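Here is the file my_file.txt (compact mmCIF, C-alpha atoms).
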# COMPACT_ATOMS: atom_id res chain seq x y z
CA MET A 202 202.65 274.78 231.87
CA VAL A 203 200.94 271.95 233.77
CA ASN A 204 197.98 272.97 235.92
CA LEU A 205 197.66 270.67 238.90
CA ASP A 206 194.26 269.78 240.32
CA LEU A 207 194.67 269.02 244.03
CA ARG A 208 190.90 268.68 244.36
CA SER A 209 191.00 265.48 242.26
CA LEU A 210 192.89 263.79 245.12
CA THR A 211 190.55 264.95 247.89
CA LEU A 212 187.26 264.01 246.24
CA PRO A 213 185.77 260.64 247.34
CA VAL A 214 186.62 259.05 243.99
CA GLY A 215 190.21 260.34 244.25
CA ILE A 216 190.61 258.88 247.74
CA ILE A 217 189.21 255.56 246.50
CA ARG A 218 191.69 255.49 243.62
CA MET A 219 194.60 256.11 245.99
CA LEU A 220 193.35 253.17 248.06
CA GLU A 221 193.23 251.06 244.89
CA VAL A 222 196.87 251.85 244.14
CA VAL A 223 198.01 251.05 247.67
CA LEU A 224 196.01 247.83 248.05
CA THR A 225 196.91 246.37 244.65
CA CYS A 226 200.57 247.25 245.26
CA ILE A 227 200.46 245.43 248.62
CA SER A 228 198.81 242.40 246.97
CA PHE A 229 201.40 241.86 244.27
CA SER A 230 204.23 242.69 246.69
CA LEU A 231 203.09 240.01 249.13
CA VAL A 232 202.74 237.45 246.36
CA ALA A 233 206.11 238.35 244.86
CA SER A 234 207.79 238.06 248.27
CA ALA A 235 206.31 234.56 248.66
CA GLY A 236 208.21 233.48 245.55
CA HIS A 237 207.47 232.94 241.87
CA VAL A 238 205.43 229.89 240.91
CA LEU A 239 205.58 228.34 237.43
CA SER A 240 201.86 228.49 236.76
CA THR A 241 199.67 230.43 234.36
CA HIS A 242 197.19 230.91 237.21
CA TRP A 243 199.91 232.60 239.27
CA ASP A 244 200.85 234.74 236.25
CA TRP A 245 197.22 235.80 235.79
CA CYS A 246 196.80 236.84 239.42
CA MET A 247 200.06 238.78 239.41
CA PHE A 248 199.14 240.43 236.10
CA THR A 249 195.76 241.42 237.53
CA TRP A 250 197.19 243.26 240.53
CA CYS A 251 199.98 244.92 238.54
CA PHE A 252 197.60 245.94 235.75
CA CYS A 253 195.07 247.41 238.18
CA CYS A 254 197.77 249.22 240.17
CA PHE A 255 199.33 250.74 237.05
CA PHE A 256 196.09 251.99 235.50
CA SER A 257 194.70 253.31 238.78
CA LEU A 258 197.92 255.30 239.22
CA PHE A 259 197.76 256.39 235.57
CA ILE A 260 194.20 257.69 236.02
CA LEU A 261 195.20 259.55 239.20
CA ILE A 262 198.12 261.24 237.43
CA MET A 263 196.03 262.13 234.37
CA GLU A 264 193.35 263.79 236.48
CA PHE A 265 195.84 265.43 238.86
CA THR A 266 197.65 267.05 235.90
CA ARG A 267 194.35 267.78 234.05
CA PHE A 268 195.62 265.86 231.01
CA SER A 269 192.44 263.77 231.15
CA ALA A 270 190.52 266.69 229.62
CA LYS A 271 192.79 266.63 226.56
CA VAL A 272 192.64 262.96 225.57
CA PRO A 273 190.49 262.19 222.49
CA ILE A 274 188.34 259.61 224.26
CA SER A 275 185.34 259.58 226.57
CA TRP A 276 187.27 259.81 229.85
CA ASP A 277 184.31 259.11 232.16
CA ASP A 278 183.40 256.08 230.07
CA PHE A 279 186.99 254.85 230.17
CA THR A 280 187.43 255.23 233.93
CA THR A 281 184.06 253.65 234.73
CA ALA A 282 184.68 250.74 232.37
CA PHE A 283 188.16 250.24 233.83
CA ALA A 284 186.76 250.18 237.38
CA MET A 285 184.23 247.52 236.32
CA LEU A 286 186.92 245.45 234.62
CA ALA A 287 189.30 245.81 237.57
CA ALA A 288 186.58 244.74 240.01
CA LEU A 289 185.93 241.59 237.97
CA MET A 290 189.64 240.83 237.60
CA CYS A 291 190.29 241.24 241.33
CA PHE A 292 187.29 239.08 242.13
CA THR A 293 188.47 236.23 239.89
CA SER A 294 192.03 236.50 241.24
CA SER A 295 190.65 236.40 244.79
CA ILE A 296 189.12 233.03 243.91
CA ILE A 297 191.89 231.57 241.75
CA TYR A 298 194.86 232.47 243.95
CA PRO A 299 193.69 230.88 247.23
CA THR A 300 192.39 227.84 245.33
CA PHE A 301 195.82 227.01 243.92
CA PHE A 302 198.42 228.68 246.13
CA THR A 303 197.33 229.00 249.76
CA CYS A 304 197.58 226.66 252.73
CA PRO A 305 196.77 226.97 256.46
CA THR A 306 200.30 228.21 257.22
CA CYS A 307 200.79 230.36 254.06
CA TYR A 308 200.27 233.68 255.84
CA ARG A 309 201.51 235.98 253.08
CA GLN A 310 199.34 234.22 250.51
CA ILE A 311 196.31 234.45 252.80
CA ALA A 312 197.00 238.15 253.43
CA ALA A 313 197.30 238.77 249.67
CA THR A 314 193.95 237.08 249.14
CA VAL A 315 192.24 239.18 251.81
CA ILE A 316 193.70 242.39 250.40
CA SER A 317 192.64 241.34 246.89
CA LEU A 318 189.07 241.02 248.16
CA LEU A 319 189.41 244.52 249.61
CA CYS A 320 190.58 245.69 246.17
CA PHE A 321 187.43 244.20 244.68
CA GLY A 322 185.30 246.09 247.21
CA VAL A 323 187.11 249.39 246.55
CA TYR A 324 186.68 249.10 242.77
CA VAL A 325 182.99 248.33 243.25
CA GLY A 326 182.80 251.46 245.40
CA GLU A 327 184.28 253.51 242.55
CA VAL A 328 181.68 252.17 240.14
CA VAL A 329 178.89 253.04 242.58
CA LEU A 330 180.26 256.57 243.02
CA ALA A 331 180.46 257.02 239.25
CA ARG A 332 176.81 256.03 238.93
CA LEU A 333 175.62 258.20 241.82
CA ARG A 334 177.53 261.41 241.15
CA PRO A 335 175.42 264.42 240.05
CA GLY A 336 174.92 264.36 236.32
CA GLY A 337 176.70 261.05 236.26
CA GLU A 338 174.81 259.55 233.37
CA ILE A 339 177.45 257.55 231.54
CA SER A 340 176.46 257.30 227.90
CA GLY A 341 179.52 255.62 226.44
CA PHE A 342 179.35 252.19 224.86
CA LEU A 343 181.43 250.43 227.53
CA SER A 344 178.98 251.45 230.23
CA THR A 345 175.96 250.10 228.35
CA VAL A 346 174.76 246.50 228.50
CA PRO A 347 176.56 245.46 225.25
CA GLY A 348 179.75 247.16 226.44
CA LEU A 349 179.67 245.42 229.81
CA LEU A 350 179.05 242.09 228.08
CA LYS A 351 182.08 242.72 225.84
CA ILE A 352 184.21 243.30 228.94
CA LEU A 353 182.91 240.06 230.45
CA GLU A 354 183.62 238.14 227.24
CA THR A 355 187.26 239.26 227.19
CA LEU A 356 187.71 238.55 230.90
CA VAL A 357 186.35 235.00 230.64
CA ALA A 358 188.53 234.41 227.58
CA CYS A 359 191.59 235.48 229.61
CA ILE A 360 190.72 232.92 232.29
CA ILE A 361 190.39 230.28 229.57
CA PHE A 362 193.84 231.18 228.20
CA THR A 363 195.42 230.79 231.65
CA SER A 364 194.07 227.23 231.81
CA LEU A 365 195.17 226.06 228.36
CA ASP A 366 197.96 223.50 228.09
CA PRO A 367 199.74 223.62 224.68
CA ALA A 368 200.81 219.99 225.11
CA ARG A 369 197.15 219.02 225.25
CA PHE A 370 195.88 220.70 222.07
CA SER A 371 199.02 220.93 219.89
CA PHE A 372 198.31 217.64 218.08
CA ASN A 373 194.53 217.56 218.31
CA PRO A 374 192.67 219.34 215.46
CA GLY A 375 189.43 219.46 217.44
CA LEU A 376 191.02 221.22 220.41
CA GLN A 377 192.97 223.48 218.04
CA TRP A 378 189.66 224.64 216.59
CA CYS A 379 188.46 225.50 220.09
CA VAL A 380 191.61 227.51 220.80
CA ALA A 381 191.11 229.33 217.49
CA VAL A 382 187.54 230.17 218.55
CA TYR A 383 188.72 231.54 221.90
CA SER A 384 191.48 233.57 220.23
CA LEU A 385 189.45 235.03 217.35
CA CYS A 386 186.52 236.05 219.54
CA PHE A 387 188.89 237.56 222.09
CA ILE A 388 190.73 239.60 219.43
CA PHE A 389 187.53 240.91 217.83
CA ALA A 390 186.06 241.82 221.22
CA LEU A 391 189.23 243.79 222.03
CA VAL A 392 189.09 245.56 218.66
CA ILE A 393 185.48 246.58 219.33
CA ILE A 394 186.42 247.91 222.77
CA PHE A 395 189.38 249.91 221.41
CA LEU A 396 187.28 251.36 218.59
CA THR A 397 184.61 252.55 220.98
CA VAL A 398 187.02 253.97 223.57
CA GLY A 399 188.92 255.75 220.77
CA GLN A 400 185.62 257.10 219.38
CA LEU A 401 186.45 255.74 215.92
CA LEU A 402 183.02 254.33 215.11
CA SER A 403 182.25 257.31 212.86
CA LEU A 404 184.85 255.95 210.42
CA PHE A 405 182.58 253.02 209.57
CA PRO A 406 180.61 253.55 206.31
CA PHE A 407 177.79 251.37 207.67
CA SER A 408 175.85 250.77 210.86
CA PHE A 409 178.11 249.63 213.70
CA ASP A 410 175.13 248.11 215.55
CA LYS A 411 174.37 245.84 212.58
CA LEU A 412 178.03 244.83 212.30
CA LEU A 413 178.05 244.07 216.02
CA THR A 414 174.93 241.93 215.64
CA VAL A 415 176.47 239.89 212.80
CA TYR A 416 179.67 239.40 214.81
CA ASN A 417 177.74 238.31 217.91
CA ILE A 418 175.76 235.74 215.92
CA LEU A 419 178.94 234.29 214.40
CA ALA A 420 180.77 234.29 217.75
CA THR A 421 177.83 232.53 219.41
CA MET A 422 177.78 229.82 216.75
CA MET A 423 181.55 229.34 217.09
CA TYR A 424 181.31 229.06 220.87
CA MET A 425 178.50 226.53 220.49
CA THR A 426 180.88 224.29 218.54
CA ALA A 427 183.63 224.79 221.13
CA THR A 428 181.22 223.93 223.96
CA VAL A 429 180.66 220.53 222.35
CA ILE A 430 184.11 219.84 220.90
CA TRP A 431 186.31 220.79 223.87
CA PRO A 432 184.89 218.27 226.40
CA LEU A 433 184.39 215.66 223.65
CA TYR A 434 188.08 215.62 222.67
CA GLY A 435 189.56 216.89 225.94
CA PHE A 436 188.14 214.10 228.10
CA GLU A 437 188.28 211.33 225.48
CA ASN A 438 190.23 208.41 227.00
CA ASN A 439 191.36 210.81 229.70
CA PRO A 440 189.83 209.95 233.11
CA ARG A 441 190.73 211.99 236.15
CA PRO A 442 194.02 210.69 237.59
CA VAL A 443 194.28 209.61 241.21
CA PRO A 444 195.62 211.44 243.11
CA CYS A 445 194.92 214.76 241.39
CA SER A 446 195.54 217.88 243.44
CA HIS A 447 195.23 220.80 241.00
CA CYS A 448 196.58 218.62 238.20
CA PRO A 449 196.30 219.48 234.45
CA TRP A 450 193.04 217.52 234.28
CA ASP A 451 191.42 220.18 236.46
CA ASP A 452 192.39 222.82 233.88
CA LEU A 453 190.33 220.92 231.31
CA VAL A 454 187.34 221.28 233.61
CA VAL A 455 188.01 225.00 234.06
CA VAL A 456 188.16 225.55 230.28
CA THR A 457 184.95 223.54 229.78
CA PHE A 458 183.10 225.50 232.46
CA MET A 459 184.34 228.89 231.24
CA THR A 460 183.46 228.01 227.65
CA VAL A 461 179.87 227.42 228.73
CA ILE A 462 179.90 230.69 230.71
CA ASN A 463 181.15 232.66 227.71
CA LEU A 464 178.61 230.97 225.45
CA VAL A 465 175.83 232.19 227.75
CA ILE A 466 177.31 235.72 227.70
CA TYR A 467 177.52 235.71 223.88
CA ILE A 468 173.92 234.48 223.63
CA LEU A 469 172.77 237.33 225.88
CA ASP A 470 174.87 239.78 223.85
CA THR A 471 173.34 238.49 220.61
CA ILE A 472 169.78 238.70 221.93
CA TYR A 473 170.33 242.27 223.12
CA SER A 474 171.96 243.29 219.82
CA ILE A 475 169.08 241.83 217.79
CA LYS A 476 166.60 243.62 220.05
CA VAL A 477 168.39 246.95 219.56
CA VAL A 478 168.73 246.63 215.78
CA PHE A 479 165.43 245.04 214.81
CA PHE A 480 162.95 245.76 217.60
CA THR A 481 163.73 249.33 218.66
CA TRP A 482 161.89 252.20 217.05
CA ASP A 483 162.52 255.88 217.54
CA GLU A 484 159.89 257.45 219.74
CA GLU A 485 158.39 260.48 218.19

Would it be possible to restate this file's structure as structure tokens?
Amino acid sequence: MVNLDLRSLTLPVGIIRMLEVVLTCISFSLVASAGHVLSTHWDWCMFTWCFCCFFSLFILIMEFTRFSAKVPISWDDFTTAFAMLAALMCFTSSIIYPTFFTCPTCYRQIAATVISLLCFGVYVGEVVLARLRPGGEISGFLSTVPGLLKILETLVACIIFTSLDPARFSFNPGLQWCVAVYSLCFIFALVIIFLTVGQLLSLFPFSFDKLLTVYNILATMMYMTATVIWPLYGFENNPRPVPCSHCPWDDLVVVTFMTVINLVIYILDTIYSIKVVFFTWDEE
């Protein structure tokens, strides 16, 4: 028999999650009513609002039915990490969508952007509540500095993927290497996140922290090559066309900028991992 927990809906965090569901639903409904646009940026924004709406509703249902206490994962870590990820996704969509798809008379698009910003604020509020609640020390990996950096790495990689043009890199080995770097690092970061959420790290016959350090060093070196190779081959004999209003050339700039951003994140992740593994001693 299912035991329902009405209190989960009346607590501040429950009210915030209901707001998240409503606001994200309004956002993607407004955008959908404005019409589909053949653009990866449009797809990313729509995916963001649908993804956030679905998982916020999923978390509400799990806590309302008390099934959250039966899942074999750190539930508090999962919900806090999701709120952080959702806040970042809504923030990026609130920048990308108006940049590419709004105009002074596009009222539904403007409204969707405003509501998306409200979604960002609500998810930030959930993170703050999670940190301030009594006994709310979150000890899971995804709520630590390395875990948050892993979330950032995957988010930036997603933005890179939305800006890639297969016609641009399909016949260029240098750009293909860059895409391989983005893909491999993204996949391994996701695997690390799933392993930690699923509490499967105990299956490793060796230190996970050392493995993470080795991976971060390799990923940083790979991103260093992509930071040089992508603009070198992407902009070779390819000046900015005139006129160029959100043309494919701008996507090359986005990928270049986001590659640098992710390189910085991987460097910080590597430095922190090395510090934890080699310069941390147990205090007696």

**Message:** Please list as a list of chain:residue names every residue within 7 Å of segment 233-241 of chain A, counting only C-alpha atoms and excluding residues in the same chain fewer than 3 positions away.
**Reply:**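 Everything that qualifies: A:Phe229, A:Ser230, A:Asp244, A:Trp245, A:Arg309, A:Thr363, A:Ser364.
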
**Nearby residues (all atoms listed in the file) at most 7 Å from segment 385-402 of chain A, same-chain spacing under 5 positions excluded, as a ChimeraX atom specification** = /A:273-275,279,342,351,355,358,409,420

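Distance annotation: of A:Trp276, A:Tyr383, A:Trp450, A:Phe265, the residue with the minimal separation from Phe362 of chain A is A:Tyr383; atom set is only C-alpha atoms.
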
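In terms of minimum interatomic distance to Glu264 of chain A, A:Val214 ranks closest within A:His242, A:Cys307, A:Met247, A:Val214, counting only C-alpha atoms.
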
**Item:** Residue neighbourhood segment 430-441 of chain A, 10 Å, all atoms listed in the file, exclusion window fewer than 4 positions, as a list in words
**Value:** Arg369, Phe370, Asn373, Pro374, Gly375, Leu376, Gln377, Trp378, Cys379, Val380, Tyr424, Met425, Thr426, Cys445, Cys448, Pro449, Trp450, Asp451, Leu453, Val454, Val456, Thr457, Phe458 and Thr460 of chain A

Write the residues of the preceding selection, restricted to C-alpha atoms, as a short mmCIF file (atom, residue, chain, number, x, y, z; two decimals), in the frame of the given file.
data_model
loop_
_atom_site.label_atom_id
_atom_site.label_comp_id
_atom_site.auth_asym_id
_atom_site.auth_seq_id
_atom_site.Cartn_x
_atom_site.Cartn_y
_atom_site.Cartn_z
CA ARG A 369 197.15 219.02 225.25
CA PHE A 370 195.88 220.70 222.07
CA ASN A 373 194.53 217.56 218.31
CA PRO A 374 192.67 219.34 215.46
CA GLY A 375 189.43 219.46 217.44
CA LEU A 376 191.02 221.22 220.41
CA GLN A 377 192.97 223.48 218.04
CA TRP A 378 189.66 224.64 216.59
CA CYS A 379 188.46 225.50 220.09
CA VAL A 380 191.61 227.51 220.80
CA TYR A 424 181.31 229.06 220.87
CA MET A 425 178.50 226.53 220.49
CA THR A 426 180.88 224.29 218.54
CA CYS A 445 194.92 214.76 241.39
CA CYS A 448 196.58 218.62 238.20
CA PRO A 449 196.30 219.48 234.45
CA TRP A 450 193.04 217.52 234.28
CA ASP A 451 191.42 220.18 236.46
CA LEU A 453 190.33 220.92 231.31
CA VAL A 454 187.34 221.28 233.61
CA VAL A 456 188.16 225.55 230.28
CA THR A 457 184.95 223.54 229.78
CA PHE A 458 183.10 225.50 232.46
CA THR A 460 183.46 228.01 227.65
#

**Asked** Using all atoms listed in the file, which of A:Met290, A:Gly326, A:Val232, A:Ser269 sits nearest Arg218 of chain A?
**Response** A:Gly326

**Item:** d(atom CA of Val465 of chain A, atom CA of Glu354 of chain A) in Å
**Value:** 9.8 Å

**Request:** Tell me which of A:Ala284, A:Ala381, A:Leu318, A:Val478 sits closest to Leu412 of chain A, counting all atoms listed in the file.
**Result:** A:Val478

**Asked** atom CA of Ala331 of chain A and atom CA of Asp277 of chain A are how many Å apart?
**Response** 8.3 Å

**Request:** Considering only C-alpha atoms, return as a PyMOL selection string whatever protein or nucleic-acid residues lie within 8 Å of Pro299 of chain A, sequence-local ones (same chain, fewer than 6 positions apart) excluded.
**Result:** chain A and resi 310-311+314

**Residue nearest Tyr324 of chain A among A:Asp278, A:Asp366, A:Glu221, A:Asp410 (counting only C-alpha atoms)** =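 Once distances to Tyr324 of chain A are computed over only C-alpha atoms, the minimum belongs to A:Glu221.
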
Return as AutoDock Vina command-line options the box centre and box size in Å, one decimal, for an axis-aligned box around all listed atoms of segment 401-412 of chain A padded by 6 Å per side.
--center_x 180.4 --center_y 251.1 --center_z 211.1 --size_x 24.1 --size_y 24.5 --size_z 21.6

**Atomic distance atom CA of Ala427 of chain A - atom CA of Val461 of chain A, expressed in Å with one decimal** = 8.9 Å

**Asked** From the set A:Ile216, A:Leu286, A:Ile297, A:Leu224, which residue has the shortest atom-to-atom contact distance to Leu261 of chain A, counting only C-alpha atoms?
**Response** A:Ile216

**Item:** Shell of 12 Å around Ile472 of chain A, all atoms listed in the file, local chain residues under 2 positions omitted, as a VMD selection string
**Value:** chain A and resid 346 to 347 350 413 to 415 417 to 418 421 465 to 470 474 to 480

Suppose we keep C-alpha atoms; can you now write the selection as a short mmCIF file (atom, residue, chain, number, x, y, z; two decimals), keeping the file's coordinate frame?
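This is the output file selection.cif:
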data_model
loop_
_atom_site.label_atom_id
_atom_site.label_comp_id
_atom_site.auth_asym_id
_atom_site.auth_seq_id
_atom_site.Cartn_x
_atom_site.Cartn_y
_atom_site.Cartn_z
CA VAL A 346 174.76 246.50 228.50
CA PRO A 347 176.56 245.46 225.25
CA LEU A 350 179.05 242.09 228.08
CA LEU A 413 178.05 244.07 216.02
CA THR A 414 174.93 241.93 215.64
CA VAL A 415 176.47 239.89 212.80
CA ASN A 417 177.74 238.31 217.91
CA ILE A 418 175.76 235.74 215.92
CA THR A 421 177.83 232.53 219.41
CA VAL A 465 175.83 232.19 227.75
CA ILE A 466 177.31 235.72 227.70
CA TYR A 467 177.52 235.71 223.88
CA ILE A 468 173.92 234.48 223.63
CA LEU A 469 172.77 237.33 225.88
CA ASP A 470 174.87 239.78 223.85
CA SER A 474 171.96 243.29 219.82
CA ILE A 475 169.08 241.83 217.79
CA LYS A 476 166.60 243.62 220.05
CA VAL A 477 168.39 246.95 219.56
CA VAL A 478 168.73 246.63 215.78
CA PHE A 479 165.43 245.04 214.81
CA PHE A 480 162.95 245.76 217.60
#
